[in-house]
>>> print(open('model_4.txt').read())   # compact mmCIF, N, CA and C atoms
# COMPACT_ATOMS: atom_id res chain seq x y z
N MET A 66 -24.91 14.49 -39.08
CA MET A 66 -23.72 14.34 -38.28
C MET A 66 -22.58 13.89 -39.20
N THR A 67 -21.47 14.60 -39.14
CA THR A 67 -20.35 14.26 -40.01
C THR A 67 -19.62 13.02 -39.52
N ARG A 68 -18.91 12.42 -40.44
CA ARG A 68 -18.14 11.21 -40.10
C ARG A 68 -17.12 11.50 -39.00
N ARG A 69 -16.47 12.65 -39.09
CA ARG A 69 -15.45 13.02 -38.09
C ARG A 69 -16.08 13.16 -36.71
N LEU A 70 -17.25 13.75 -36.63
CA LEU A 70 -17.94 13.92 -35.36
C LEU A 70 -18.36 12.57 -34.79
N ARG A 71 -18.86 11.67 -35.65
CA ARG A 71 -19.25 10.33 -35.19
C ARG A 71 -18.05 9.57 -34.64
N VAL A 72 -16.94 9.62 -35.35
CA VAL A 72 -15.73 8.93 -34.89
C VAL A 72 -15.27 9.52 -33.56
N GLY A 73 -15.32 10.83 -33.43
CA GLY A 73 -14.94 11.49 -32.18
C GLY A 73 -15.83 11.07 -31.03
N LEU A 74 -17.14 10.99 -31.28
CA LEU A 74 -18.07 10.56 -30.24
C LEU A 74 -17.83 9.11 -29.84
N ILE A 75 -17.59 8.26 -30.81
CA ILE A 75 -17.32 6.85 -30.51
C ILE A 75 -16.04 6.71 -29.69
N LEU A 76 -14.99 7.40 -30.10
CA LEU A 76 -13.74 7.34 -29.35
C LEU A 76 -13.90 7.88 -27.93
N SER A 77 -14.65 8.96 -27.80
CA SER A 77 -14.90 9.53 -26.47
C SER A 77 -15.66 8.56 -25.59
N CYS A 78 -16.67 7.92 -26.14
CA CYS A 78 -17.45 6.94 -25.37
C CYS A 78 -16.58 5.76 -24.95
N LEU A 79 -15.77 5.27 -25.87
CA LEU A 79 -14.87 4.16 -25.54
C LEU A 79 -13.87 4.56 -24.47
N ALA A 80 -13.34 5.76 -24.57
CA ALA A 80 -12.38 6.23 -23.58
C ALA A 80 -13.03 6.36 -22.20
N LEU A 81 -14.24 6.91 -22.16
CA LEU A 81 -14.94 7.04 -20.88
C LEU A 81 -15.27 5.68 -20.28
N LEU A 82 -15.69 4.74 -21.09
CA LEU A 82 -15.99 3.40 -20.61
C LEU A 82 -14.73 2.73 -20.08
N THR A 83 -13.66 2.82 -20.83
CA THR A 83 -12.39 2.23 -20.40
C THR A 83 -11.93 2.86 -19.10
N THR A 84 -12.01 4.18 -19.01
CA THR A 84 -11.61 4.87 -17.79
C THR A 84 -12.44 4.41 -16.61
N ALA A 85 -13.74 4.31 -16.78
CA ALA A 85 -14.61 3.88 -15.69
C ALA A 85 -14.25 2.47 -15.23
N LEU A 86 -13.96 1.60 -16.17
CA LEU A 86 -13.59 0.23 -15.80
C LEU A 86 -12.24 0.18 -15.11
N VAL A 87 -11.29 0.94 -15.60
CA VAL A 87 -9.93 0.89 -15.08
C VAL A 87 -9.82 1.57 -13.72
N VAL A 88 -10.46 2.72 -13.56
CA VAL A 88 -10.31 3.51 -12.34
C VAL A 88 -10.88 2.78 -11.13
N GLY A 89 -11.92 2.05 -11.27
CA GLY A 89 -12.54 1.41 -10.13
C GLY A 89 -12.04 0.02 -9.81
N CYS A 90 -10.89 -0.38 -10.34
CA CYS A 90 -10.49 -1.78 -10.23
C CYS A 90 -9.46 -2.12 -9.18
N ALA A 91 -8.75 -1.17 -8.58
CA ALA A 91 -7.67 -1.55 -7.70
C ALA A 91 -7.34 -0.47 -6.70
N ASP A 92 -6.49 -0.83 -5.75
CA ASP A 92 -5.98 0.09 -4.75
C ASP A 92 -5.08 1.11 -5.42
N ALA A 93 -5.25 2.38 -5.10
CA ALA A 93 -4.52 3.44 -5.78
C ALA A 93 -3.12 3.68 -5.21
N ARG A 94 -2.78 3.10 -4.08
CA ARG A 94 -1.49 3.35 -3.45
C ARG A 94 -0.53 2.20 -3.67
N ARG A 95 0.50 2.45 -4.46
CA ARG A 95 1.54 1.46 -4.70
C ARG A 95 2.86 2.18 -4.86
N PRO A 96 3.96 1.54 -4.54
CA PRO A 96 5.26 2.19 -4.68
C PRO A 96 5.53 2.57 -6.13
N ASN A 97 6.29 3.63 -6.32
CA ASN A 97 6.60 4.06 -7.68
C ASN A 97 8.10 4.20 -7.90
N GLU A 98 8.88 3.62 -7.04
CA GLU A 98 10.32 3.76 -7.15
C GLU A 98 10.91 2.74 -8.11
N VAL A 99 11.90 3.17 -8.83
CA VAL A 99 12.65 2.28 -9.70
C VAL A 99 14.07 2.24 -9.11
N PRO A 100 14.60 1.05 -8.84
CA PRO A 100 15.93 0.98 -8.24
C PRO A 100 16.99 1.62 -9.13
N ASP A 101 17.95 2.31 -8.49
CA ASP A 101 19.03 2.97 -9.24
C ASP A 101 19.76 2.04 -10.20
N PRO A 102 20.09 0.81 -9.80
CA PRO A 102 20.77 -0.08 -10.77
C PRO A 102 19.93 -0.32 -12.02
N GLN A 103 18.64 -0.42 -11.86
CA GLN A 103 17.75 -0.63 -13.01
C GLN A 103 17.76 0.59 -13.92
N LEU A 104 17.80 1.78 -13.32
CA LEU A 104 17.84 3.01 -14.11
C LEU A 104 19.17 3.14 -14.85
N ARG A 105 20.26 2.69 -14.22
CA ARG A 105 21.57 2.78 -14.86
C ARG A 105 21.69 1.86 -16.06
N ILE A 106 21.08 0.67 -15.98
CA ILE A 106 21.19 -0.26 -17.10
C ILE A 106 20.13 -0.01 -18.17
N ASN A 107 19.13 0.80 -17.85
CA ASN A 107 18.05 1.07 -18.80
C ASN A 107 17.81 2.58 -18.88
N PRO A 108 18.61 3.30 -19.67
CA PRO A 108 18.46 4.75 -19.72
C PRO A 108 17.10 5.22 -20.23
N ARG A 109 16.42 4.43 -21.05
CA ARG A 109 15.09 4.81 -21.53
C ARG A 109 14.09 4.82 -20.38
N LEU A 110 14.25 3.88 -19.44
CA LEU A 110 13.40 3.84 -18.26
C LEU A 110 13.67 5.07 -17.39
N ALA A 111 14.93 5.43 -17.24
CA ALA A 111 15.29 6.63 -16.48
C ALA A 111 14.69 7.88 -17.12
N GLU A 112 14.75 7.94 -18.45
CA GLU A 112 14.17 9.08 -19.15
C GLU A 112 12.65 9.11 -18.97
N GLY A 113 12.02 7.94 -19.00
CA GLY A 113 10.58 7.86 -18.77
C GLY A 113 10.20 8.36 -17.39
N GLN A 114 11.01 8.02 -16.40
CA GLN A 114 10.75 8.50 -15.04
C GLN A 114 10.89 10.03 -15.00
N ARG A 115 11.91 10.58 -15.67
CA ARG A 115 12.10 12.03 -15.71
C ARG A 115 10.90 12.72 -16.38
N VAL A 116 10.45 12.16 -17.50
CA VAL A 116 9.31 12.73 -18.22
C VAL A 116 8.05 12.67 -17.34
N PHE A 117 7.83 11.54 -16.69
CA PHE A 117 6.66 11.40 -15.82
C PHE A 117 6.69 12.46 -14.72
N MET A 118 7.84 12.61 -14.08
CA MET A 118 7.95 13.58 -12.99
C MET A 118 7.73 15.01 -13.49
N LYS A 119 8.15 15.29 -14.70
CA LYS A 119 8.00 16.64 -15.24
C LYS A 119 6.56 16.94 -15.66
N TYR A 120 5.90 15.99 -16.33
CA TYR A 120 4.60 16.28 -16.93
C TYR A 120 3.40 15.68 -16.20
N CYS A 121 3.59 14.59 -15.49
CA CYS A 121 2.44 13.83 -14.98
C CYS A 121 2.31 13.85 -13.46
N ASN A 122 3.44 13.97 -12.77
CA ASN A 122 3.45 13.79 -11.33
C ASN A 122 2.59 14.81 -10.58
N GLN A 123 2.37 15.98 -11.16
CA GLN A 123 1.57 16.99 -10.48
C GLN A 123 0.15 16.49 -10.20
N CYS A 124 -0.40 15.72 -11.12
CA CYS A 124 -1.78 15.25 -10.99
C CYS A 124 -1.87 13.78 -10.59
N HIS A 125 -0.87 13.00 -10.97
CA HIS A 125 -0.85 11.56 -10.66
C HIS A 125 0.37 11.33 -9.77
N VAL A 126 0.31 11.85 -8.56
CA VAL A 126 1.46 11.91 -7.66
C VAL A 126 2.07 10.52 -7.45
N GLY A 127 3.30 10.37 -7.93
CA GLY A 127 3.99 9.10 -7.80
C GLY A 127 3.29 7.97 -8.53
N GLY A 128 2.42 8.29 -9.45
CA GLY A 128 1.66 7.27 -10.17
C GLY A 128 0.36 6.91 -9.46
N ALA A 129 0.20 7.40 -8.24
CA ALA A 129 -1.02 7.12 -7.47
C ALA A 129 -2.06 8.20 -7.75
N ALA A 130 -3.22 8.03 -7.17
CA ALA A 130 -4.29 9.01 -7.37
C ALA A 130 -3.95 10.33 -6.71
N GLY A 131 -4.32 11.39 -7.36
CA GLY A 131 -4.16 12.74 -6.85
C GLY A 131 -5.31 13.53 -7.44
N VAL A 132 -4.99 14.57 -8.18
CA VAL A 132 -6.02 15.28 -8.94
C VAL A 132 -6.56 14.34 -10.02
N GLY A 133 -5.66 13.56 -10.61
CA GLY A 133 -6.04 12.57 -11.61
C GLY A 133 -6.07 11.18 -11.00
N PRO A 134 -6.58 10.20 -11.72
CA PRO A 134 -6.65 8.83 -11.20
C PRO A 134 -5.27 8.19 -11.11
N SER A 135 -5.18 7.13 -10.34
CA SER A 135 -3.92 6.41 -10.22
C SER A 135 -3.58 5.74 -11.55
N LEU A 136 -2.28 5.60 -11.81
CA LEU A 136 -1.81 5.00 -13.06
C LEU A 136 -1.00 3.74 -12.82
N ASN A 137 -0.40 3.59 -11.65
CA ASN A 137 0.53 2.50 -11.45
C ASN A 137 -0.09 1.25 -10.83
N ASP A 138 -1.37 1.25 -10.61
CA ASP A 138 -1.99 0.09 -9.98
C ASP A 138 -2.88 -0.71 -10.94
N LYS A 139 -2.80 -0.38 -12.20
CA LYS A 139 -3.63 -1.09 -13.17
C LYS A 139 -2.95 -1.09 -14.53
N TRP A 140 -3.32 -2.04 -15.33
CA TRP A 140 -2.79 -2.10 -16.69
C TRP A 140 -3.55 -1.09 -17.53
N LEU A 141 -2.81 -0.20 -18.17
CA LEU A 141 -3.41 0.77 -19.08
C LEU A 141 -2.85 0.51 -20.47
N PRO A 142 -3.71 0.22 -21.44
CA PRO A 142 -3.20 0.01 -22.80
C PRO A 142 -2.46 1.25 -23.30
N ALA A 143 -1.32 1.03 -23.93
CA ALA A 143 -0.50 2.14 -24.41
C ALA A 143 -1.28 3.06 -25.35
N PHE A 144 -2.11 2.47 -26.24
CA PHE A 144 -2.87 3.30 -27.17
C PHE A 144 -3.82 4.23 -26.42
N PHE A 145 -4.35 3.77 -25.29
CA PHE A 145 -5.27 4.57 -24.50
C PHE A 145 -4.53 5.75 -23.87
N VAL A 146 -3.35 5.48 -23.31
CA VAL A 146 -2.57 6.56 -22.69
C VAL A 146 -2.15 7.57 -23.76
N ARG A 147 -1.70 7.06 -24.91
CA ARG A 147 -1.32 7.98 -26.00
C ARG A 147 -2.50 8.88 -26.39
N MET A 148 -3.67 8.28 -26.52
CA MET A 148 -4.86 9.03 -26.91
C MET A 148 -5.19 10.09 -25.85
N LYS A 149 -5.14 9.72 -24.58
CA LYS A 149 -5.44 10.67 -23.50
C LYS A 149 -4.43 11.81 -23.48
N VAL A 150 -3.16 11.51 -23.73
CA VAL A 150 -2.12 12.54 -23.71
C VAL A 150 -2.28 13.49 -24.90
N ARG A 151 -2.53 12.95 -26.06
CA ARG A 151 -2.60 13.78 -27.27
C ARG A 151 -3.96 14.44 -27.49
N HIS A 152 -5.04 13.80 -27.05
CA HIS A 152 -6.41 14.29 -27.29
C HIS A 152 -7.15 14.30 -25.97
N SER A 153 -7.08 15.39 -25.30
CA SER A 153 -7.64 15.50 -23.96
C SER A 153 -9.09 15.05 -23.90
N ILE A 154 -9.37 14.19 -22.95
CA ILE A 154 -10.74 13.75 -22.68
C ILE A 154 -10.93 13.96 -21.19
N GLY A 155 -11.99 14.62 -20.82
CA GLY A 155 -12.20 14.90 -19.41
C GLY A 155 -11.37 16.09 -18.97
N HIS A 156 -10.80 16.00 -17.78
CA HIS A 156 -10.08 17.13 -17.20
C HIS A 156 -8.59 17.13 -17.51
N MET A 157 -8.10 16.08 -18.13
CA MET A 157 -6.67 16.01 -18.41
C MET A 157 -6.29 16.98 -19.52
N PRO A 158 -5.19 17.72 -19.32
CA PRO A 158 -4.75 18.63 -20.39
C PRO A 158 -4.18 17.86 -21.57
N THR A 159 -4.17 18.50 -22.72
CA THR A 159 -3.59 17.92 -23.93
C THR A 159 -2.10 18.28 -23.97
N PHE A 160 -1.27 17.32 -24.38
CA PHE A 160 0.15 17.57 -24.56
C PHE A 160 0.47 17.35 -26.03
N SER A 161 0.77 18.42 -26.73
CA SER A 161 1.09 18.34 -28.15
C SER A 161 2.46 17.69 -28.34
N GLN A 162 2.77 17.33 -29.59
CA GLN A 162 4.09 16.76 -29.89
C GLN A 162 5.18 17.79 -29.65
N ARG A 163 4.85 19.04 -29.76
CA ARG A 163 5.83 20.09 -29.48
C ARG A 163 6.16 20.13 -27.99
N ALA A 164 5.15 19.96 -27.14
CA ALA A 164 5.36 19.99 -25.70
C ALA A 164 5.98 18.69 -25.19
N LEU A 165 5.54 17.56 -25.74
CA LEU A 165 5.98 16.24 -25.29
C LEU A 165 6.20 15.39 -26.54
N SER A 166 7.45 15.13 -26.85
CA SER A 166 7.77 14.39 -28.08
C SER A 166 7.25 12.96 -28.02
N ASP A 167 7.10 12.34 -29.18
CA ASP A 167 6.69 10.94 -29.24
C ASP A 167 7.69 10.05 -28.51
N ALA A 168 8.99 10.36 -28.63
CA ALA A 168 10.03 9.56 -27.95
C ALA A 168 9.87 9.67 -26.43
N ASP A 169 9.62 10.89 -25.93
CA ASP A 169 9.41 11.07 -24.50
C ASP A 169 8.15 10.34 -24.03
N LEU A 170 7.11 10.40 -24.84
CA LEU A 170 5.87 9.70 -24.50
C LEU A 170 6.10 8.20 -24.41
N GLU A 171 6.85 7.64 -25.35
CA GLU A 171 7.14 6.20 -25.32
C GLU A 171 7.98 5.84 -24.10
N ASP A 172 8.94 6.69 -23.74
CA ASP A 172 9.74 6.43 -22.54
C ASP A 172 8.87 6.46 -21.29
N MET A 173 7.94 7.41 -21.23
CA MET A 173 7.04 7.50 -20.09
C MET A 173 6.14 6.27 -20.01
N LEU A 174 5.68 5.76 -21.16
CA LEU A 174 4.89 4.53 -21.17
C LEU A 174 5.72 3.35 -20.66
N ARG A 175 6.99 3.31 -21.02
CA ARG A 175 7.90 2.26 -20.53
C ARG A 175 8.00 2.33 -19.00
N TYR A 176 8.09 3.55 -18.47
CA TYR A 176 8.16 3.75 -17.02
C TYR A 176 6.86 3.28 -16.35
N LEU A 177 5.72 3.64 -16.89
CA LEU A 177 4.44 3.20 -16.31
C LEU A 177 4.32 1.67 -16.35
N LYS A 178 4.77 1.07 -17.44
CA LYS A 178 4.73 -0.39 -17.55
C LYS A 178 5.61 -1.02 -16.48
N TYR A 179 6.78 -0.45 -16.25
CA TYR A 179 7.67 -0.97 -15.21
C TYR A 179 6.99 -0.89 -13.85
N LEU A 180 6.37 0.24 -13.54
CA LEU A 180 5.69 0.39 -12.26
C LEU A 180 4.60 -0.66 -12.09
N HIS A 181 3.86 -0.90 -13.16
CA HIS A 181 2.79 -1.89 -13.09
C HIS A 181 3.34 -3.31 -12.90
N GLU A 182 4.45 -3.60 -13.56
CA GLU A 182 5.02 -4.96 -13.49
C GLU A 182 5.78 -5.22 -12.19
N HIS A 183 6.07 -4.18 -11.42
CA HIS A 183 6.79 -4.33 -10.15
C HIS A 183 5.96 -3.69 -9.03
N PRO A 184 4.82 -4.29 -8.72
CA PRO A 184 3.87 -3.69 -7.79
C PRO A 184 4.37 -3.59 -6.35
N ASP A 185 5.34 -4.38 -5.97
CA ASP A 185 5.80 -4.35 -4.59
C ASP A 185 6.98 -3.42 -4.38
N GLY A 186 7.37 -2.70 -5.40
CA GLY A 186 8.48 -1.78 -5.28
C GLY A 186 9.82 -2.45 -5.48
N PRO A 187 10.88 -1.69 -5.38
CA PRO A 187 12.21 -2.18 -5.70
C PRO A 187 12.75 -3.20 -4.71
N ASP A 188 12.32 -3.16 -3.47
CA ASP A 188 12.86 -4.08 -2.47
C ASP A 188 12.46 -5.52 -2.71
N ARG A 189 11.32 -5.74 -3.37
CA ARG A 189 10.82 -7.10 -3.58
C ARG A 189 10.66 -7.42 -5.05
N ALA A 190 11.18 -6.56 -5.92
CA ALA A 190 11.01 -6.78 -7.37
C ALA A 190 11.89 -7.91 -7.86
>>> encode(input="model_4.txt", output="structure tokens")
Amino acid sequence: MTRRLRVGLILSCLALLTTALVVGCADARRPNEVPDPQLRINPRLAEGQRVFMKYCNQCHVGGAAGVGPSLNDKWLPAFFVRMKVRHSIGHMPTFSQRALSDADLEDMLRYLKYLHEHPDGPDRA
């Protein structure tokens, strides 16, 4: 077994374990709105929301569970999301740097972090 194959297997096992732990931990339905004033003062957050709606919302509708698991009801380490986006594991498609730039990916992570940190939505944030 080559070193590259071993590393790939280890990363895959870690990703599957992390996914299993994360997916079963919380309610999948939470608000995903970001208040307009917040978007106006934080253009990177607005861009992250745009990127999420373009690339992710089809499967993770509003950040909640859909075809894919919910994203806005649990803390997801940024390195894990980056790995899932760039190196498909499971049913999630791969998004190359050509399809989704590193800057767009970072903005989308900022948006997911905001959703997680404001679980009650904009009215009570």
>>> closest_residue(input="model_4.txt", among="A:His156, A:Arg175, A:His181, A:Arg71", to="Lys139 (chain A)", atoms="only C-alpha atoms")
A:His181
>>> residues_around(input="model_4.txt", residues="Glu112 (chain A)", least_positions_apart="4", cutoff="6 Å", atoms="all atoms listed in the file", output="count of residues only")
5
>>> residues_around(input="model_4.txt", residues="Thr159 (chain A)", least_positions_apart="4", cutoff="7 Å", atoms="all atoms listed in the file", output="ChimeraX atom specification")
/A:149-154
>>> write_last_selection(input="model_4.txt", atoms="N, CA and C atoms", output="short mmCIF file (atom, residue, chain, number, x, y, z; two decimals), in the frame of the given file")
data_model
loop_
_atom_site.label_atom_id
_atom_site.label_comp_id
_atom_site.auth_asym_id
_atom_site.auth_seq_id
_atom_site.Cartn_x
_atom_site.Cartn_y
_atom_site.Cartn_z
N LYS A 149 -5.14 9.72 -24.58
CA LYS A 149 -5.44 10.67 -23.50
C LYS A 149 -4.43 11.81 -23.48
N VAL A 150 -3.16 11.51 -23.73
CA VAL A 150 -2.12 12.54 -23.71
C VAL A 150 -2.28 13.49 -24.90
N ARG A 151 -2.53 12.95 -26.06
CA ARG A 151 -2.60 13.78 -27.27
C ARG A 151 -3.96 14.44 -27.49
N HIS A 152 -5.04 13.80 -27.05
CA HIS A 152 -6.41 14.29 -27.29
C HIS A 152 -7.15 14.30 -25.97
N SER A 153 -7.08 15.39 -25.30
CA SER A 153 -7.64 15.50 -23.96
C SER A 153 -9.09 15.05 -23.90
N ILE A 154 -9.37 14.19 -22.95
CA ILE A 154 -10.74 13.75 -22.68
C ILE A 154 -10.93 13.96 -21.19
#
>>> atom_distance(input="model_4.txt", atom1="CA of Gly73 (chain A)", atom2="CA of Ala130 (chain A)")
27.1 Å
>>> atom_distance(input="model_4.txt", atom1="CA of Ala143 (chain A)", atom2="atom N of Ala129 (chain A)")
17.0 Å
>>> atom_distance(input="model_4.txt", atom1="CA of Glu182 (chain A)", atom2="atom C of Ala164 (chain A)")
26.4 Å
>>> closest_residue(input="model_4.txt", among="A:Val146, A:Leu110, A:Cys124, A:Met66", to="Leu180 (chain A)", atoms="only C-alpha atoms")
A:Leu110
>>> axis_aligned_box(input="model_4.txt", around="region 133-148 of chain A", padding_each_side="4 Å", output="AutoDock Vina command-line options")
--center_x -3.1 --center_y 5.7 --center_z -18.6 --size_x 15.2 --size_y 23.7 --size_z 25.2
